[in-house]
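J.: To start, I am sharing the structure in question, which I have written as structure tokens.
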Amino acid sequence: MANAARWREWRASEPKAQRLAPYLVFLAVVAMTISLWLYAARTAANRDEERFQALCTRARAAIENRVRDHITLARVSAALLSREPRVDEDTINTIATSVMTREGYRDLLGLGYSEVAIENGRRTVRVKYAAPKSVTRRGLIGYDMYAEPTRRATIDRALAERDSSISAPVVLFVDQDNPRPGFLIFSPVYEMTDPARVRAFFYTPVRANAFFDSIQSSVLGRQLRVELRDAAGGKDALLYASGDGGPSRFRDRETLAVLNRQWTLELSSTPEFESELSGRYVALVPFLGFVIAALLFALSLAQRRAREEAEISAAALERELVARNEAERAIRQLNEELESLVRERTAELARTNQELEAFVYSVSHDLRTPLRTIDGFGHALQQDYGTQLDLEANDAIARIRRAAKRMDGLISALLGLSRISRAQLRPERVDLAAIAREAMAELAAHRDPTAPAPVLRIAGPMTATADPQLMRIVFDNLLANALKFQRAGNVPEIELLRRDDGGIEVRDNGIGFEPEYAAKLFQPFERLHPEREFPGTGIGLATVARIITRHGGRIEAEGRPNVGATFRFWLDAD
């Protein structure tokens, strides 16, 4: 009776918040469960998207590499034939035998040699040899490649650019009875006595299904569905498609520039890919969350009852104190374990940085040494035997040396990009206008004295919080680009100004670029103009983007052909 009386007295004096505590705990856990569920679903979706994009990157690289190998085959074979005073059928068969049995070229249908001639006042490109020998290819002998519009356009492009050219989708001669998409690669063969005159074309016919099926099976497996269309010249012709076009959760579309063609690559996930999605167990999160919420609700009610009993029994209070001490000991143990884990992770990060430093040193040493050897022997060969070699041989040696020096420059640029990514930021208040003036003065001092002097206009104050050395690299690259990409005889005019939103803008009056390619400017080795016109490594703007990102900022580009380019960047500290 005494306990019942004390119970009624305790209930009368109990605060309302304590009576609602179990329900508030339940609602809080439910809200936390929903948040965790949404976070898990978003994380799983991001992980699946990253896995899909990784497969897409492999697919793009595999297609580009395989096409590049076939183009190299056509170029090298045409160059070899250009050195032959007379090309016969055995020569073509020898090339076909040595190439078509090699890994990566088994999808070739054959090789051919077509001579250029003028008949009745018009150009003809008739097939003289087709290898390997077969009944079908025998019927190809004498066929005028120039008479068919698609092949004629490809040959005209090769003649105009003096380089290999890829045709639009076309039905190959061997597939006349069973039409299917294919394409040809034409490479000009020049006269030995007159290198400016094209005497024939070396061509390689490729059946699209065989070509891309080999990539699909060796690289992608059954994870991606591939659809490739030829989009050059405003057309949209299907070149290859794998599987059916059913619904897909992930899709990607990109344009591949392949010599004179533009291929539109569409990739989508298959049921095999989607069967391994990370989010298939996310549905367990709300179930477990509600179970935990129910358990905590019951625990809260039990705790409330314990508090009630504590007012009645001192023993219950003692048990509560013991439980609290045990919880504190568990927390201390968890803190100690967490500190130990932090120390282990710190040591692991230090080891990783050391391994990265060793890898960078290995790249610098192991790749540069053979390149310098190639350049050194090329120089020695020119010095000792240059007078005994003809112009073409000397030109070949010069090209080898230029390629070695360019590769050395690319390695240096990559190492510089790596060092910038790992360099420690030392931000301070700096004058960006002064840095830009110093960079322009140094660039102008190294320009051709006969070239027009550049004009740099700076508007408004340019102070910012940033690493001064890294910002000097930013302006070195931006101003060097503005000076390099100019029309011949044009006076370079560059304007530097502070935007209303705090960003910095660099404008020039150079050759500009197509707006749709703006995003590619900040990718390493991405070039929008031929290297023979505007030499460089293709690393400069990637370095600029990396520095701005390390400052917590962002950068964007805008341009139009023959009007100029504008680069804008924002620093997080400002």
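Every chain in the structure tokens takes a letter, A first, then B, and so on in the order presented; its residues are numbered from 1, and the ligands are numbered from 1 following the presented order.
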Skipping near chain neighbours, those fewer than 4 positions away, what residues fall within 7 Å of Asn509 in chain A using only C-alpha atoms, listed as an MDAnalysis selection string?

T.: chainID A and resid 492:493 563:565

J.: Now that the selection is made, can you save its residues with all heavy atoms as a PDB file, in the first residue's frame?

T.:
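out-v8.pdb was written with the following content:
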```pdb
ATOM      1  N   PRO A 492      48.404  40.676 -80.178  1.00  0.00           N
ATOM      2  CA  PRO A 492      47.717  40.055 -79.041  1.00  0.00           C
ATOM      3  C   PRO A 492      47.237  41.100 -78.039  1.00  0.00           C
ATOM      4  O   PRO A 492      48.025  41.905 -77.552  1.00  0.00           O
ATOM      5  CB  PRO A 492      48.796  39.145 -78.436  1.00  0.00           C
ATOM      6  CG  PRO A 492      49.826  38.976 -79.498  1.00  0.00           C
ATOM      7  CD  PRO A 492      49.808  40.240 -80.288  1.00  0.00           C
ATOM      8  N   GLU A 493      45.925  41.075 -77.758  1.00  0.00           N
ATOM      9  CA  GLU A 493      45.346  41.987 -76.771  1.00  0.00           C
ATOM     10  C   GLU A 493      44.694  41.154 -75.673  1.00  0.00           C
ATOM     11  O   GLU A 493      43.800  40.348 -75.935  1.00  0.00           O
ATOM     12  CB  GLU A 493      44.307  42.898 -77.430  1.00  0.00           C
ATOM     13  CG  GLU A 493      44.904  43.837 -78.478  1.00  0.00           C
ATOM     14  CD  GLU A 493      43.851  44.776 -79.063  1.00  0.00           C
ATOM     15  OE1 GLU A 493      42.692  44.696 -78.617  1.00  0.00           O
ATOM     16  OE2 GLU A 493      44.195  45.562 -79.955  1.00  0.00           O
ATOM     17  N   VAL A 563      37.206  34.823 -82.767  1.00  0.00           N
ATOM     18  CA  VAL A 563      36.753  35.967 -81.966  1.00  0.00           C
ATOM     19  C   VAL A 563      37.618  36.105 -80.706  1.00  0.00           C
ATOM     20  O   VAL A 563      37.976  37.206 -80.309  1.00  0.00           O
ATOM     21  CB  VAL A 563      35.267  35.807 -81.581  1.00  0.00           C
ATOM     22  CG1 VAL A 563      34.852  36.914 -80.625  1.00  0.00           C
ATOM     23  CG2 VAL A 563      34.399  35.848 -82.842  1.00  0.00           C
ATOM     24  N   GLY A 564      37.979  34.977 -80.097  1.00  0.00           N
ATOM     25  CA  GLY A 564      38.795  35.022 -78.895  1.00  0.00           C
ATOM     26  C   GLY A 564      38.277  34.055 -77.839  1.00  0.00           C
ATOM     27  O   GLY A 564      37.281  33.360 -78.027  1.00  0.00           O
ATOM     28  N   ALA A 565      38.976  34.000 -76.726  1.00  0.00           N
ATOM     29  CA  ALA A 565      38.635  33.103 -75.627  1.00  0.00           C
ATOM     30  C   ALA A 565      38.625  33.889 -74.322  1.00  0.00           C
ATOM     31  O   ALA A 565      39.325  34.884 -74.158  1.00  0.00           O
ATOM     32  CB  ALA A 565      39.621  31.944 -75.554  1.00  0.00           C
TER      33      ALA A 565
END
```

J.: So that I can see what lies close to Arg426 in chain A, please list as a list in words the residues with an atom at most 12 Å from it, counting only C-alpha atoms and leaving out residues fewer than 3 positions away in the same chain.

T.: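 The contact residues come out as Ala423, Arg429, Val430, Thr465, Ala466, Asp467, Pro468, Gln469, Leu470, Met471, Arg550 and His551 of chain A.
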
J.: So, counting only C-alpha atoms, which residue among A:Ile185, A:Leu521, A:Leu267, A:Ala62 is closest to Ser217 in chain A?

T.: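 Once distances to Ser217 in chain A are computed over only C-alpha atoms, the minimum belongs to A:Ala62.
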
J.: Just asking: which residues within range 198-305 of chain A are helix (DSSP H, G or I) according to DSSP, as a PyMOL selection string?

T.: chain A and resi 208-220+232-234+271-274+278-281+284-305

J.: Determine, counting only C-alpha atoms, which protein, DNA and RNA residues have an atom within 12 Å of an atom of Ala488 in chain A; residues of the same chain fewer than 2 positions away are not included. Present the result as an MDAnalysis selection string.

T.: chainID A and resid 450:452 483:486 490:492 510:511 533:534 562

J.: Choose the residue, out of A:Glu505, A:Glu348, A:Glu103, A:Glu336, that has the smallest atom-to-atom separation from Asp69 in chain A; count only C-alpha atoms.

T.: A:Glu103

J.: What is the distance, in Å and to one decimal place, between CA of Gln223 in chain A and CA of Pro179 in chain A?

T.: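 Separation between CA of Gln223 in chain A and CA of Pro179 in chain A: 28.1 Å.
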
J.: Nearest residue to Thr566 in chain A out of A:Val544, A:Ile504, A:Leu20, A:Ala302, using only C-alpha atoms?

T.: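 Looking only at the distances to Thr566 in chain A, the closest residue turns out to be A:Ile504.
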
J.: As a list in words, please: the residues near Thr270 in chain A (cut-off 9 Å, only C-alpha atoms, same-chain neighbours under 4 positions excluded).

T.: Arg222, Gln223, Leu224, Arg225, Gly246, Pro247, Ser248, Arg249, Phe250, Glu274 and Ser275 of chain A

J.: What's the separation between CA of Thr255 in chain A and CA of Ala231 in chain A, in Å to one decimal place?

T.: 8.4 Å

J.: At a cut-off of 7 Å, using only C-alpha atoms, what residues contact range 373-385 of chain A? Leave out same-chain residues fewer than 4 positions from it and give the result as a list in words.

T.: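 Within the cut-off, the hits are Thr369, Leu389, Ile397, Arg401 and Ala404 of chain A.
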
J.: Residues as selected, C-alpha atoms, written as a PDB file, in the first residue's frame, can you do that?

T.:
```
ATOM      1  CA  THR A 369      66.668   7.720 -69.728  1.00  0.00           C
ATOM      2  CA  LEU A 389      72.126  10.216 -95.980  1.00  0.00           C
ATOM      3  CA  ILE A 397      66.086  11.268 -87.894  1.00  0.00           C
ATOM      4  CA  ARG A 401      64.590  13.480 -82.163  1.00  0.00           C
ATOM      5  CA  ALA A 404      61.802  12.063 -78.174  1.00  0.00           C
TER       6      ALA A 404
END
```

J.: Taking 6 positions as the minimum chain separation for residues in the same chain, which residues sit within 12 Å of Glu119 in chain A when counting only C-alpha atoms? Answer as a list in words.

T.: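 My reading of the contact set: Val125, Arg126, Asp144 and Tyr146 of chain A.
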
J.: Env of range 148-163 of chain A: 9 Å cut, atoms = only C-alpha atoms, seq-sep filter 5 positions within chain, self excluded. Answer as a list in words.

T.: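 Residues meeting the cut-off are Arg75, Val125, Ala168, Pro169, Val170, Leu184, Ile185, Phe186, Ser187, Pro188, Val198, Phe201 and Asn260 of chain A.
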
J.: Identify which of the residues A:Asn93, A:Ser269, A:Thr387, A:Asn209 lies closest to Arg51 in chain A, counting only C-alpha atoms when measuring atom-to-atom distances.

T.: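 Checking each candidate against Arg51 in chain A, we get A:Ser269 as the closest.
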
J.: Looking only at strand (DSSP E or B) from DSSP on the backbone, list the matching residues of range 378-521 of chain A as a list in words.

T.: Glu428, Arg429, Val430, Asp431, Val455, Leu456, Arg457, Ile458, Ala459, Thr463, Ala464, Thr465, Ala466, Glu493, Ile494, Glu495, Leu496, Leu497, Arg498, Ile504, Glu505, Val506, Arg507 and Asp508 of chain A

J.: Which residue, A:His70, A:Arg305, A:Arg343, A:Arg197, has the smallest gap to Ser82 in chain A when you use only C-alpha atoms?

T.: A:Arg197
